[in-house]
Amino acid sequence: MYDFRHAEDKWQRFWAENKSYKATRSGKPKFYVLDMFPYPSGKGLHVGHLKGYVASDVVARYKRACGFEVLHPMGWDSFGLPTERQAQRENTSPQDVTKRNIAAFREQLEAVALSYDWDREIATSDPKYYRWTQWIFSRLFEKGLAYTEEVTVNWCPAMGTVLANEEVVDGKYVETGDPVERRKMKQWMLRITAYADRLLDDLELVDWPKPIKRMQENWIGRSEGAKIKFQLVNDDRHVEVFSTRPDTIFGATYLVLAPEHELLDEVLQTAGLDLTEYVETARNRSELDRIAGASEEKTGFDTSLKAVHPVTKEEIPIWVSDYVLGGYGTGAVMAVPAHDERDFEFARTFDLPIPTVVVPARLFVLDWASKHIQLLQERSEALSIPFGSVLGTLIKAAEAHDGDKPLTQTALENILKDLKPGKHDSRLAVEALGNAINGAEAPSDEVFKATLARDWFGQQPSEAFTGKGYTVNSSHDTLQLNGMWTDDAIRSTAEWLTDAACGATHTNYKIRDWLFSRQRFWGEPFPIVLDDENEPHLLDDSALPVSLPDMDYTEFSDENMQNADGPVTPLGFADDDWLRPEINGRTFTRETNTMPQWAGSCWYFLRFCDPGNSSDLCNKDEEAYWMPVDLYVGGAEHATLHLLYARFWHKFLYDLGVVTSPEPFKKLFNQGMVHSTSYRDASGKYYYPDEVTKSDNSWSVIATGDPVSAQVEKMSKSKCNGVPPEDVISEYGSDALRLYELFMGPIEDGGLWDGNGLKGTKRFLDRLWTLAQNKRVPTLPLDGDLARHTHLTIQSVTEDIESFNLNTAVSAFMKLLNDAGKESELPDEFFHIFARLLQPFAPHFAEELWQTLGKEGSILNAPWPEHDPSLCEEDEVDVVVQVNGKKRAIIRIAATASQDVAETGARTEVPMLNESGFTARRVIYVPGKILNFVV
RNA sequence: GCGGGCGUGGUGAAAUUGGUAAACACAGCGGACUUAAAAUCCGCCGGCCGUUUAGGCCUUGCCGGUUCAAGUCCGGCCGUCCGCACCA
């Protein structure tokens, strides 16, 4: 039996003593494999966290064996609120808590034999590290990308701090679920919006999962449109609106202001009570309330202000409604009820007119058809289907064919030509048109006109049409849009607006600037001091790092953090020695906010290239050699947080010339969340698996007999379903754990943790070990089927690692072992290859096996095996014989056999092929795969 | 509501990218070894029909299409998960 405890002790010590994973800049090609570094919480790691770490470790080890210089580092994202809270609870300092948690985390990671270069270990809370975080902030400040502003912020009372937009989902703090309020406060902001375009466009440069890219695109939310000015009646001021559809300007029958709109401030002084109350309530509404209101009926008030329509010069009313957001665009919209769902609802609610100015392409088809009735009728007769069906199918096909582009006459003619009975699913269109046009008879021109009129002009539309189409009802003296396709109408309108000096094209973004300050202690202090007027001054670089002061942390009780004037920051309690520095004879007050947790992780991958540098954040040569990160592995939950922030800072550093690549992470992989069964009683209290028992299909608590429900949930300590790796390792060993983490399923799928599954991977190692002890014959050559299977395994495992399909790599090992188990003697060569293939997956085992084979030194020095293609080829192959696609037999013939040979072979196996009257209409032969007789 | 993904045995999952569906493993069942249990080894293991055998039919959420051939491609449903959400 393989003694995993002995092997783990021995080899972990060996690797540490020999610094086996040390990365040094060399002449070799480099490969940078990075894991998202963890936040060292007091709860420790569970097996779910390890899945991505093990997977990236396999790649790191494989790349080393392939001759790459591999950088595979690990560190700690160690600033953060939970540590601060833990320190309060334990009456100690965040520094002490951090130190302890890091030690515990590192011990857990080392037990899994992750091949990190520990000499490069960093922690974001180390002053030697955050000195450079502050340095980057200083550069941002100098370039005007960091600024303070009185803004409406997401204030989280439970956390006692403000939060970034990215940290708030559904009006709650994404980490804890605590509600978030809106509050006006002066805060530090980073101008990420200045990089919006590049953050969006450069997504093309990286090999990332599509969902993550899509999430970033949506978050940045670029939309092209125009800003349009509406002059106020009897007033020289104007309201500016943003619209992505300036082409619908003739359909704009009123304006709507957001409750936050500044024009209202004055109106409110004379307005009636109802309006005032509405605006005040909306302005103070919490995020949660506002979201809840989205599904309700639209509300609003007429402000009694009037604006002049820029084209028609008609007077239109100005309303206020909370469906218009103060923070997006200009905080005001021109309402086009016929072509915007929200405006439509609003107009319905308040009984405002809904004039149509765009009609869908369908109309064009009808219009064209009305002029080509002859042609349609011919097709109708040729296909012997009703005229209404031909037309309906034509419309359906035209829309499906090119829904977003204008239809051309040629396109319609082609579609008509391609029509076959039943070829297109046209039920809906046929139904509608069949009724309208009345069956097989070709309708008259009048019928068409009547149909068009009824559908688009005659009555109020039943819903907003928001797609592209043809512009109608949109011509006035100087601007004629009638008949234009939407894209052209947008262009024409924009030109007109520019000429008339009442608007211009404009690109708008959903992304806002990044709120960059927090009212917490355990974060990076800003390199900023404030003068008596509260104006910020940047400290000289020589003053860095601005270290956190020693403080009595127990003072940070929740009561102390609040007072009548609002929140107080912990650093505000620091002694004057720290808080009130004297610079050039003048006394300043330090900025007492700290940076958010995301700051440190924005650039840590750079520091790993040169972690000890005290004169630079990273040496230029080191950066140029190692960067960018070739493979980055971590959870998808950072899609619009860390991954966006880090790209922003990286681009800024690129502009400064500090880094040489525009994007930091070339290839990204998301590991899925591991789930396991959790047990919860009626009150919501969770129990550990060993506290509950199952009888008759229901679960109950052993101690009390209370019933509990069992469900599958994300693995986490708080749900008592997080499995600690040390428990698994002591029973099955580190290598069996590693193999199981990978064997569970694809990396990105997460999967369900099944303790029994570990038996399989442990059994695999034990059986291989036994084979090596009992059946090894050193002089035996590796040949025949075993040689073929072995080399095929080299090939498939290599491909699997390259494409990150590690679950199938493990199963390839098992198949090879099952095959080898049938032999009575096995050559050394077989084990040599097996050990090297296994090294990235089961490193302790591979070392131990290598040594058993009499090899000198560590297997880490052995090169990755290469497969011999000539050994992989087979002389004879299985070919499936089918009749009409149905499997009838499998024949074994020469791989190079001709079709004649194959057919002869098939006839001896499948009697029905020889029956009189059997004639194949066609025979399809795919050598090595299939022989199909079609009758 | 919008965007994206996913749906295959009792379970986790494979399937050379259109060519033998269910590899590999877990669980289960039967057997060997053992005083016994564990461990280990051997066999069976999608469904239906067939007493065993031989064999046959069906099967990748549902309906339809393309193809000699569909888990894979196309269209439409249903279910599920994730992200965004009154973004003009």
# chains A, B, ... in the order shown; residues from 1 in each chain; ligands from 1

$ interface_residues --of "chain B" --to "chain A" --cutoff "12 Å" --atoms "only C-alpha atoms (C1' of nucleotides)" --output "ChimeraX atom specification"
/B:1-6,11-16,19-20,23-27,39-41,55-56,64-70,74-76,81-88

$ closest_residue --among "A:Arg520, A:Arg198, A:His506, A:His49" --to "Lys714 (chain A)" --atoms "only C-alpha atoms"
A:His49

$ closest_residue --among "A:Met484, A:Ala271, A:Ala494, A:Val357" --to "Ala226 (chain A)" --atoms "only C-alpha atoms"
A:Ala494

$ select_by_dssp --residues "region 203-367 of chain A" --states "helix (DSSP H, G or I)" --output "number ranges by chain"
A: 203-205, 210-220, 246-251, 263-270, 273-284, 287-293, 337-339, 341-350, 361-367

$ atom_distance --atom1 "CA of Lys43 (chain A)" --atom2 "CA of Glu691 (chain A)"
19.7 Å

$ atom_distance --atom1 "CA of Trp76 (chain A)" --atom2 "CA of Leu205 (chain A)"
28.1 Å

$ atom_distance --atom1 "CA of Cys609 (chain A)" --atom2 "CA of Pro73 (chain A)"
9.0 Å

$ closest_residue --among "B:C73, B:A38, B:G28, B:U59" --to "U8 (chain B)" --atoms "only C-alpha atoms (C1' of nucleotides)"
B:U59

$ residues_around --residues "Thr660 (chain A)" --least-positions-apart "6" --cutoff "8 Å" --atoms "only C-alpha atoms (C1' of nucleotides)" --output "PDB file with C-alpha atoms, in the first residue's frame"
ATOM      1  CA  GLU A 623       8.007  43.417 -15.881  1.00  0.00           C
ATOM      2  CA  ALA A 624       8.868  43.114 -19.559  1.00  0.00           C
ATOM      3  CA  MET A 627       4.047  40.213 -17.951  1.00  0.00           C
ATOM      4  CA  TYR A 654       0.605  51.565 -19.344  1.00  0.00           C
TER       5      TYR A 654
END

$ residues_around --residues "Pro29 (chain A)" --least-positions-apart "5" --cutoff "10 Å" --atoms "only C-alpha atoms (C1' of nucleotides)" --output "mmCIF file with N, CA, C and O atoms, in the first residue's frame"
data_model
loop_
_atom_site.group_PDB
_atom_site.id
_atom_site.type_symbol
_atom_site.label_atom_id
_atom_site.label_comp_id
_atom_site.auth_asym_id
_atom_site.auth_seq_id
_atom_site.Cartn_x
_atom_site.Cartn_y
_atom_site.Cartn_z
ATOM 1 N N GLY A 67 9.734 22.881 -20.194
ATOM 2 C CA GLY A 67 10.895 23.735 -20.428
ATOM 3 C C GLY A 67 10.633 25.226 -20.295
ATOM 4 O O GLY A 67 11.473 26.042 -20.656
ATOM 5 N N PHE A 68 9.472 25.597 -19.773
ATOM 6 C CA PHE A 68 9.207 27.019 -19.562
ATOM 7 C C PHE A 68 9.746 27.476 -18.212
ATOM 8 O O PHE A 68 9.847 26.692 -17.267
ATOM 9 N N GLU A 69 10.092 28.753 -18.137
ATOM 10 C CA GLU A 69 10.384 29.368 -16.853
ATOM 11 C C GLU A 69 9.042 29.832 -16.305
ATOM 12 O O GLU A 69 8.416 30.735 -16.889
ATOM 13 N N VAL A 70 8.579 29.188 -15.257
ATOM 14 C CA VAL A 70 7.205 29.429 -14.805
ATOM 15 C C VAL A 70 7.171 30.304 -13.559
ATOM 16 O O VAL A 70 7.872 30.029 -12.579
ATOM 17 N N TYR A 625 9.749 40.940 -18.923
ATOM 18 C CA TYR A 625 9.931 39.491 -19.092
ATOM 19 C C TYR A 625 8.684 38.712 -18.695
ATOM 20 O O TYR A 625 8.199 37.874 -19.447
ATOM 21 N N TRP A 626 8.130 39.012 -17.524
ATOM 22 C CA TRP A 626 7.062 38.149 -16.980
ATOM 23 C C TRP A 626 5.660 38.510 -17.471
ATOM 24 O O TRP A 626 4.809 37.636 -17.637
#

$ closest_residue --among "B:G10, B:G31, B:G79, B:G46" --to "U60 (chain B)" --atoms "only C-alpha atoms (C1' of nucleotides)"
B:G46
